file protein04.tsv (TSV, C-alpha atoms)
chain	number	residue	atom	x	y	z
A	1	MET	CA	30.08	-4.64	-2.95
A	2	LEU	CA	27.14	-6.69	-4.15
A	3	PRO	CA	26.12	-9.30	-1.54
A	4	ILE	CA	27.28	-12.42	-3.41
A	5	SER	CA	28.48	-15.39	-1.39
A	6	ASN	CA	31.84	-16.99	-2.24
A	7	SER	CA	30.23	-20.40	-2.75
A	8	GLY	CA	28.16	-19.09	-5.66
A	9	ALA	CA	30.44	-16.32	-6.87
A	10	GLY	CA	31.09	-17.73	-10.32
A	11	ARG	CA	27.45	-18.38	-11.17
A	12	ALA	CA	26.29	-15.19	-9.50
A	13	ALA	CA	28.83	-13.06	-11.38
A	14	MET	CA	27.54	-14.48	-14.67
A	15	VAL	CA	23.95	-13.86	-13.61
A	16	VAL	CA	24.71	-10.26	-12.66
A	17	ALA	CA	26.52	-9.67	-15.93
A	18	THR	CA	23.63	-11.22	-17.83
A	19	LEU	CA	20.99	-9.06	-16.16
A	20	GLY	CA	23.32	-6.09	-16.40
A	21	LEU	CA	23.43	-6.44	-20.17
A	22	LEU	CA	19.66	-6.59	-20.27
A	23	VAL	CA	19.23	-3.57	-18.02
A	24	THR	CA	21.95	-1.52	-19.72
A	25	ALA	CA	20.64	-1.93	-23.25
A	26	CYS	CA	16.92	-2.31	-22.69
A	27	SER	CA	14.58	0.54	-23.54
A	28	GLY	CA	11.15	0.74	-21.99
A	29	ARG	CA	8.01	2.82	-22.52
A	30	PHE	CA	4.64	2.72	-20.74
A	31	ASP	CA	1.60	4.56	-22.13
A	32	ALA	CA	-1.66	4.74	-20.19
A	33	SER	CA	-5.02	6.37	-20.85
A	34	ILE	CA	-7.56	6.95	-18.06
A	35	GLY	CA	-11.25	7.12	-18.96
A	36	LYS	CA	-14.07	9.15	-17.42
A	37	ASN	CA	-15.86	6.22	-15.81
A	38	GLY	CA	-13.06	4.45	-13.95
A	39	GLU	CA	-11.81	2.47	-16.92
A	40	ALA	CA	-8.31	2.66	-18.40
A	41	SER	CA	-6.01	1.10	-20.93
A	42	PHE	CA	-2.28	0.83	-21.29
A	43	SER	CA	0.47	-0.46	-23.53
A	44	ALA	CA	4.08	-1.21	-22.78
A	45	LYS	CA	7.04	-2.00	-24.97
A	46	ALA	CA	10.54	-3.15	-24.15
A	47	GLY	CA	13.33	-4.19	-26.45
A	48	LEU	CA	16.93	-5.28	-26.55
A	49	PRO	CA	19.35	-4.51	-29.41
A	50	ALA	CA	20.32	-7.61	-31.39
A	51	VAL	CA	23.99	-7.42	-30.40
A	52	MET	CA	23.20	-7.30	-26.70
A	53	ALA	CA	20.56	-10.01	-27.06
A	54	ALA	CA	23.16	-12.27	-28.64
A	55	LYS	CA	25.57	-11.65	-25.73
A	56	LEU	CA	22.82	-12.34	-23.23
A	57	ARG	CA	21.99	-15.65	-24.88
A	58	ALA	CA	25.63	-16.65	-25.04
A	59	LEU	CA	26.13	-15.95	-21.33
A	60	SER	CA	23.01	-17.81	-20.26
A	61	GLY	CA	23.24	-20.71	-22.72
A	62	MET	CA	19.99	-19.81	-24.48
A	63	SER	CA	19.38	-20.75	-28.10
A	64	ALA	CA	19.15	-18.01	-30.71
A	65	SER	CA	15.39	-18.51	-31.05
A	66	THR	CA	14.58	-18.39	-27.32
A	67	PRO	CA	12.70	-15.17	-26.42
A	68	ILE	CA	14.49	-12.87	-24.00
A	69	PHE	CA	11.20	-11.97	-22.30
A	70	ASP	CA	8.61	-14.32	-20.78
A	71	ALA	CA	5.41	-12.97	-22.35
A	72	ALA	CA	3.25	-15.79	-20.99
A	73	ALA	CA	4.22	-14.99	-17.39
A	74	VAL	CA	3.48	-11.30	-17.91
A	75	GLN	CA	0.04	-12.06	-19.36
A	76	ARG	CA	-0.88	-14.52	-16.59
A	77	THR	CA	0.09	-12.05	-13.88
A	78	LEU	CA	-2.02	-9.30	-15.40
A	79	LEU	CA	-5.14	-11.39	-16.00
A	80	VAL	CA	-5.48	-12.53	-12.38
A	81	ARG	CA	-5.50	-8.97	-11.02
A	82	LYS	CA	-8.78	-7.54	-9.74
A	83	GLY	CA	-10.19	-4.86	-12.01
A	84	MET	CA	-8.39	-6.09	-15.10
A	85	GLY	CA	-10.19	-6.68	-18.38
A	86	ARG	CA	-8.32	-7.91	-21.41
A	87	ALA	CA	-4.55	-8.38	-21.39
A	88	VAL	CA	-2.29	-9.59	-24.18
A	89	ALA	CA	1.48	-9.97	-24.01
A	90	SER	CA	3.61	-11.14	-26.90
A	91	CYS	CA	7.11	-11.16	-28.27
A	92	PRO	CA	7.05	-9.52	-31.74
A	93	ASP	CA	10.52	-10.95	-32.13
A	94	PRO	CA	12.83	-12.89	-29.78
A	95	ASP	CA	14.40	-9.65	-28.50
A	96	SER	CA	11.34	-7.60	-27.58
A	97	LEU	CA	8.13	-7.58	-25.56
A	98	SER	CA	4.81	-5.89	-26.27
A	99	VAL	CA	1.89	-5.64	-23.82
A	100	SER	CA	-1.57	-4.15	-24.20
A	101	ALA	CA	-4.38	-4.27	-21.67
A	102	THR	CA	-7.70	-2.79	-20.67
A	103	ILE	CA	-8.76	-2.08	-17.11
A	104	VAL	CA	-12.48	-2.14	-16.33
A	105	ASP	CA	-12.10	-0.75	-12.80
A	106	LEU	CA	-8.96	1.25	-12.16
A	107	GLY	CA	-9.94	1.93	-8.54
A	108	ALA	CA	-10.26	-1.79	-7.79
A	109	LEU	CA	-6.91	-2.51	-9.42
A	110	ILE	CA	-5.08	0.17	-7.45
A	111	ALA	CA	-6.76	-1.00	-4.23
A	112	SER	CA	-4.90	-4.33	-4.45
A	113	PRO	CA	-2.71	-4.76	-1.33
A	114	ASP	CA	0.58	-4.61	-3.23
A	115	LEU	CA	-0.42	-1.72	-5.50
A	116	SER	CA	-2.10	0.41	-2.83
A	117	GLN	CA	1.30	1.13	-1.26
A	118	LEU	CA	2.65	2.42	-4.58
A	119	LEU	CA	-0.34	4.07	-6.26
A	120	HIS	CA	-3.22	6.15	-4.95
A	121	LEU	CA	-6.25	7.50	-6.81
A	122	GLU	CA	-8.78	9.86	-5.26
A	123	SER	CA	-11.47	12.28	-6.40
A	124	ALA	CA	-12.98	15.28	-4.62
A	125	LYS	CA	-14.87	18.38	-5.75
A	126	GLY	CA	-14.52	17.54	-9.43
A	127	VAL	CA	-10.77	16.96	-9.32
A	128	SER	CA	-9.08	13.57	-9.57
A	129	ARG	CA	-5.57	12.94	-8.33
A	130	LEU	CA	-3.20	10.08	-9.11
A	131	SER	CA	-0.07	9.75	-7.01
A	132	ILE	CA	2.90	7.40	-7.35
A	133	SER	CA	5.20	6.65	-4.42
A	134	LEU	CA	8.28	4.47	-4.83
A	135	SER	CA	10.61	3.82	-1.93
A	136	ARG	CA	12.75	1.12	-0.37
A	137	ASP	CA	10.06	0.62	2.26
A	138	HIS	CA	7.93	-1.12	-0.36
A	139	GLY	CA	10.60	-3.01	-2.27
A	140	GLN	CA	8.74	-6.31	-2.23
A	141	ASP	CA	5.63	-4.62	-3.64
A	142	ILE	CA	7.71	-3.24	-6.50
A	143	LEU	CA	9.18	-6.70	-7.08
A	144	ALA	CA	5.67	-8.14	-7.42
A	145	LEU	CA	5.16	-5.89	-10.45
A	146	LEU	CA	7.95	-7.61	-12.37
A	147	PRO	CA	6.40	-10.83	-13.68
A	148	GLY	CA	8.56	-13.26	-15.59
A	149	ILE	CA	11.85	-12.14	-14.07
A	150	ASP	CA	13.92	-14.96	-12.58
A	151	PRO	CA	14.16	-14.35	-8.79
A	152	GLY	CA	17.75	-15.60	-8.98
A	153	LEU	CA	18.62	-12.77	-11.32
A	154	VAL	CA	17.10	-10.19	-9.01
A	155	GLU	CA	18.87	-11.70	-6.01
A	156	ALA	CA	22.22	-11.67	-7.76
A	157	LEU	CA	21.89	-8.08	-8.97
A	158	SER	CA	20.62	-7.07	-5.52
A	159	PRO	CA	19.23	-3.64	-6.41
A	160	PRO	CA	18.90	-1.59	-3.19
A	161	ALA	CA	15.36	-0.60	-4.19
A	162	LEU	CA	14.28	-4.23	-3.79
A	163	GLY	CA	16.00	-4.88	-0.49
A	164	GLY	CA	19.53	-5.41	-1.72
A	165	GLY	CA	21.33	-3.30	0.87
A	166	ASP	CA	21.47	0.38	1.75
A	167	TYR	CA	24.02	1.47	-0.85
A	168	SER	CA	24.00	5.00	-2.19
A	169	LYS	CA	23.49	5.53	-5.90
A	170	GLU	CA	27.21	6.10	-6.49
A	171	GLU	CA	28.21	3.05	-4.43
A	172	TYR	CA	25.84	0.82	-6.34
A	173	ARG	CA	26.98	2.27	-9.66
A	174	GLN	CA	30.61	1.52	-8.77
A	175	ALA	CA	29.67	-2.04	-7.87
A	176	LEU	CA	27.98	-2.52	-11.22
A	177	ALA	CA	30.93	-0.96	-13.05
A	178	THR	CA	33.24	-3.53	-11.46
A	179	ILE	CA	31.17	-6.34	-12.94
A	180	LEU	CA	29.86	-4.82	-16.15
A	181	GLY	CA	32.96	-2.84	-17.05
A	182	SER	CA	33.35	0.93	-17.19
A	183	LYS	CA	32.58	1.03	-20.92
A	184	SER	CA	29.04	-0.15	-20.23
A	185	MET	CA	28.23	2.55	-17.71
A	186	PRO	CA	27.54	5.54	-20.01
A	187	ALA	CA	24.69	3.56	-21.61
A	188	PHE	CA	23.52	2.48	-18.18
A	189	ASP	CA	23.55	6.07	-16.94
A	190	ALA	CA	21.47	7.16	-19.93
A	191	ALA	CA	18.86	4.41	-19.57
A	192	SER	CA	15.43	5.47	-18.35
A	193	ILE	CA	11.82	4.34	-18.16
A	194	GLU	CA	9.39	6.56	-20.08
A	195	LEU	CA	5.90	6.97	-18.64
A	196	ALA	CA	3.04	8.80	-20.38
A	197	VAL	CA	-0.45	9.13	-18.85
A	198	THR	CA	-3.37	10.71	-20.74
A	199	VAL	CA	-6.34	11.86	-18.62
A	200	PRO	CA	-9.96	12.69	-19.58
A	201	GLY	CA	-9.83	16.32	-18.54
A	202	ALA	CA	-7.64	19.38	-18.12
A	203	ILE	CA	-4.50	18.84	-16.05
A	204	VAL	CA	-4.59	21.33	-13.18
A	205	ALA	CA	-1.47	20.29	-11.24
A	206	SER	CA	1.45	17.90	-11.40
A	207	SER	CA	4.54	17.06	-9.42
A	208	GLY	CA	7.44	15.72	-11.45
A	209	GLY	CA	7.47	15.23	-15.18
A	210	ARG	CA	6.03	17.60	-17.76
A	211	VAL	CA	2.57	18.34	-19.12
A	212	GLU	CA	1.75	18.27	-22.84
A	213	GLY	CA	-1.94	19.01	-23.33
A	214	SER	CA	-3.88	16.31	-21.49
A	215	THR	CA	-0.85	14.02	-21.29
A	216	TRP	CA	1.63	13.85	-18.41
A	217	LYS	CA	5.09	12.52	-19.27
A	218	VAL	CA	7.78	11.34	-16.87
A	219	ASP	CA	11.26	9.97	-17.52
A	220	ILE	CA	12.71	8.02	-14.58
A	221	PRO	CA	16.46	7.28	-14.79
A	222	LEU	CA	17.00	3.56	-14.44
A	223	LEU	CA	19.72	3.98	-11.81
A	224	ASP	CA	17.38	6.07	-9.65
A	225	LEU	CA	14.74	3.36	-9.93
A	226	LEU	CA	17.13	0.53	-9.02
A	227	VAL	CA	18.60	2.33	-6.00
A	228	LEU	CA	15.81	4.56	-4.62
A	229	ASP	CA	18.20	6.16	-2.17
A	230	LYS	CA	15.68	8.98	-2.34
A	231	PRO	CA	11.97	8.10	-2.68
A	232	ILE	CA	10.35	8.97	-5.99
A	233	GLU	CA	7.14	10.90	-5.39
A	234	LEU	CA	5.00	11.86	-8.41
A	235	SER	CA	1.45	13.14	-8.73
A	236	LEU	CA	-1.04	14.32	-11.32
A	237	SER	CA	-4.37	16.13	-10.87
A	238	TRP	CA	-7.04	16.82	-13.48
A	239	SER	CA	-10.52	18.27	-13.61
call {"tool": "encode", "arguments": {"input": "protein04.tsv", "output": "structure tokens"}}
result
Amino acid sequence: MLPISNSGAGRAAMVVATLGLLVTACSGRFDASIGKNGEASFSAKAGLPAVMAAKLRALSGMSASTPIFDAAAVQRTLLVRKGMGRAVASCPDPDSLSVSATIVDLGALIASPDLSQLLHLESAKGVSRLSISLSRDHGQDILALLPGIDPGLVEALSPPALGGGDYSKEEYRQALATILGSKSMPAFDAASIELAVTVPGAIVASSGGRVEGSTWKVDIPLLDLLVLDKPIELSLSWS
């Protein structure tokens, strides 16, 4: 079901399995804090269990000491963005990635051509509103937010969200199960991206997620994010 040509089937199957292991076992969390004067900061962490990391390296021919994540590429991509301040990306160990950054002008960052289609920030009458819109219409913009990922891996996995066909969520899941094996799918189904945003005022409205004090938390299932058969629309407003 995945669009893999016969001429490259062997290599592509290995690439899909490799990325599949990474996606299935990887956990991710993104924490952001928005300041009162247009500044912000965020941290992100991702990790891969040792057993899965070992399988990934074996499949791709990597040495045991080679980092799974490309921290240098992540850091370079962040630092060249308008509105960014300090950004540091590192691999605490070969199987994980840690990122921390400060944003001196959140409005300028979000106004970037690729981000403006995904994020929107506005203020009126003492209320600020942040909205997030993810859909297949802006797949290439989403792809631009994934620094350090081998384009060949993305092409082989062909997630519908990034322009890899118009498969439904169940069709894409079945395709992955054929390659990854049915035993891998429960973990894949349970995988999600955790997002937490803390704002400098009282939260007055939100769409999606849950509110805990001045923090808005959202869990996005990984399969939903890879397929986007239905757009993901989220928003948060605070005074």
call {"tool": "residues_around", "arguments": {"input": "protein04.tsv", "residues": "Asp137 in chain A", "least_positions_apart": "3", "cutoff": "10 Å", "atoms": "all atoms listed in the file", "output": "PyMOL selection string"}}
result
chain A and resi 117+134+140-142+161-163+228+231
call {"tool": "closest_residue", "arguments": {"input": "protein04.tsv", "among": "A:Leu130, A:Glu233, A:Ser135, A:Leu106", "to": "Trp216 in chain A", "atoms": "all atoms listed in the file"}}
result
A:Leu130
call {"tool": "closest_residue", "arguments": {"input": "protein04.tsv", "among": "A:Gly209, A:Gly107, A:Gly28, A:Gly126", "to": "Ala191 in chain A", "atoms": "all atoms listed in the file"}}
result
A:Gly28
call {"tool": "closest_residue", "arguments": {"input": "protein04.tsv", "among": "A:Ala187, A:Ala101, A:Ala87, A:Leu236", "to": "Ser123 in chain A", "atoms": "all atoms listed in the file"}}
result
A:Leu236
call {"tool": "residues_near_point", "arguments": {"input": "protein04.tsv", "point": "(13.0, 7.9, -17.1)", "cutoff": "12 Å", "atoms": "only C-alpha atoms", "output": "list of chain:residue names"}}
result
A:Ser27, A:Gly28, A:Arg29, A:Phe30, A:Phe188, A:Asp189, A:Ala190, A:Ala191, A:Ser192, A:Ile193, A:Glu194, A:Leu195, A:Ala196, A:Gly208, A:Gly209, A:Arg210, A:Lys217, A:Val218, A:Asp219, A:Ile220, A:Pro221, A:Leu222, A:Leu223, A:Asp224, A:Leu225, A:Leu226, A:Ile232
call {"tool": "closest_residue", "arguments": {"input": "protein04.tsv", "among": "A:Thr66, A:Ser206, A:Ser131, A:Gln75", "to": "Ser98 in chain A", "atoms": "all atoms listed in the file"}}
result
A:Gln75
call {"tool": "atom_distance", "arguments": {"input": "protein04.tsv", "atom1": "CA of Asn37 in chain A", "atom2": "CA of Ile110 in chain A"}}
result
14.9 Å
call {"tool": "atom_distance", "arguments": {"input": "protein04.tsv", "atom1": "CA of Ser116 in chain A", "atom2": "CA of Arg76 in chain A"}}
result
20.3 Å
call {"tool": "closest_residue", "arguments": {"input": "protein04.tsv", "among": "A:Ala46, A:Ser65, A:Tyr167, A:Gly35", "to": "Val197 in chain A", "atoms": "all atoms listed in the file"}}
result
A:Gly35
call {"tool": "atom_distance", "arguments": {"input": "protein04.tsv", "atom1": "CA of Val127 in chain A", "atom2": "CA of Ala111 in chain A"}}
result
19.1 Å
call {"tool": "residues_near_point", "arguments": {"input": "protein04.tsv", "point": "(-5.3, 15.0, -17.7)", "cutoff": "9 Å", "atoms": "all atoms listed in the file", "output": "short mmCIF file (atom, residue, chain, number, x, y, z; two decimals) with C-alpha atoms, keeping the file's coordinate frame"}}
result
data_model
loop_
_atom_site.label_atom_id
_atom_site.label_comp_id
_atom_site.auth_asym_id
_atom_site.auth_seq_id
_atom_site.Cartn_x
_atom_site.Cartn_y
_atom_site.Cartn_z
CA ILE A 34 -7.56 6.95 -18.06
CA VAL A 197 -0.45 9.13 -18.85
CA THR A 198 -3.37 10.71 -20.74
CA VAL A 199 -6.34 11.86 -18.62
CA PRO A 200 -9.96 12.69 -19.58
CA GLY A 201 -9.83 16.32 -18.54
CA ALA A 202 -7.64 19.38 -18.12
CA ILE A 203 -4.50 18.84 -16.05
CA VAL A 204 -4.59 21.33 -13.18
CA VAL A 211 2.57 18.34 -19.12
CA GLY A 213 -1.94 19.01 -23.33
CA SER A 214 -3.88 16.31 -21.49
CA THR A 215 -0.85 14.02 -21.29
CA TRP A 216 1.63 13.85 -18.41
CA LEU A 236 -1.04 14.32 -11.32
CA SER A 237 -4.37 16.13 -10.87
CA TRP A 238 -7.04 16.82 -13.48
CA SER A 239 -10.52 18.27 -13.61
#
call {"tool": "closest_residue", "arguments": {"input": "protein04.tsv", "among": "A:Ala73, A:Ala124, A:Ala205, A:Met84", "to": "Thr102 in chain A", "atoms": "all atoms listed in the file"}}
result
A:Met84
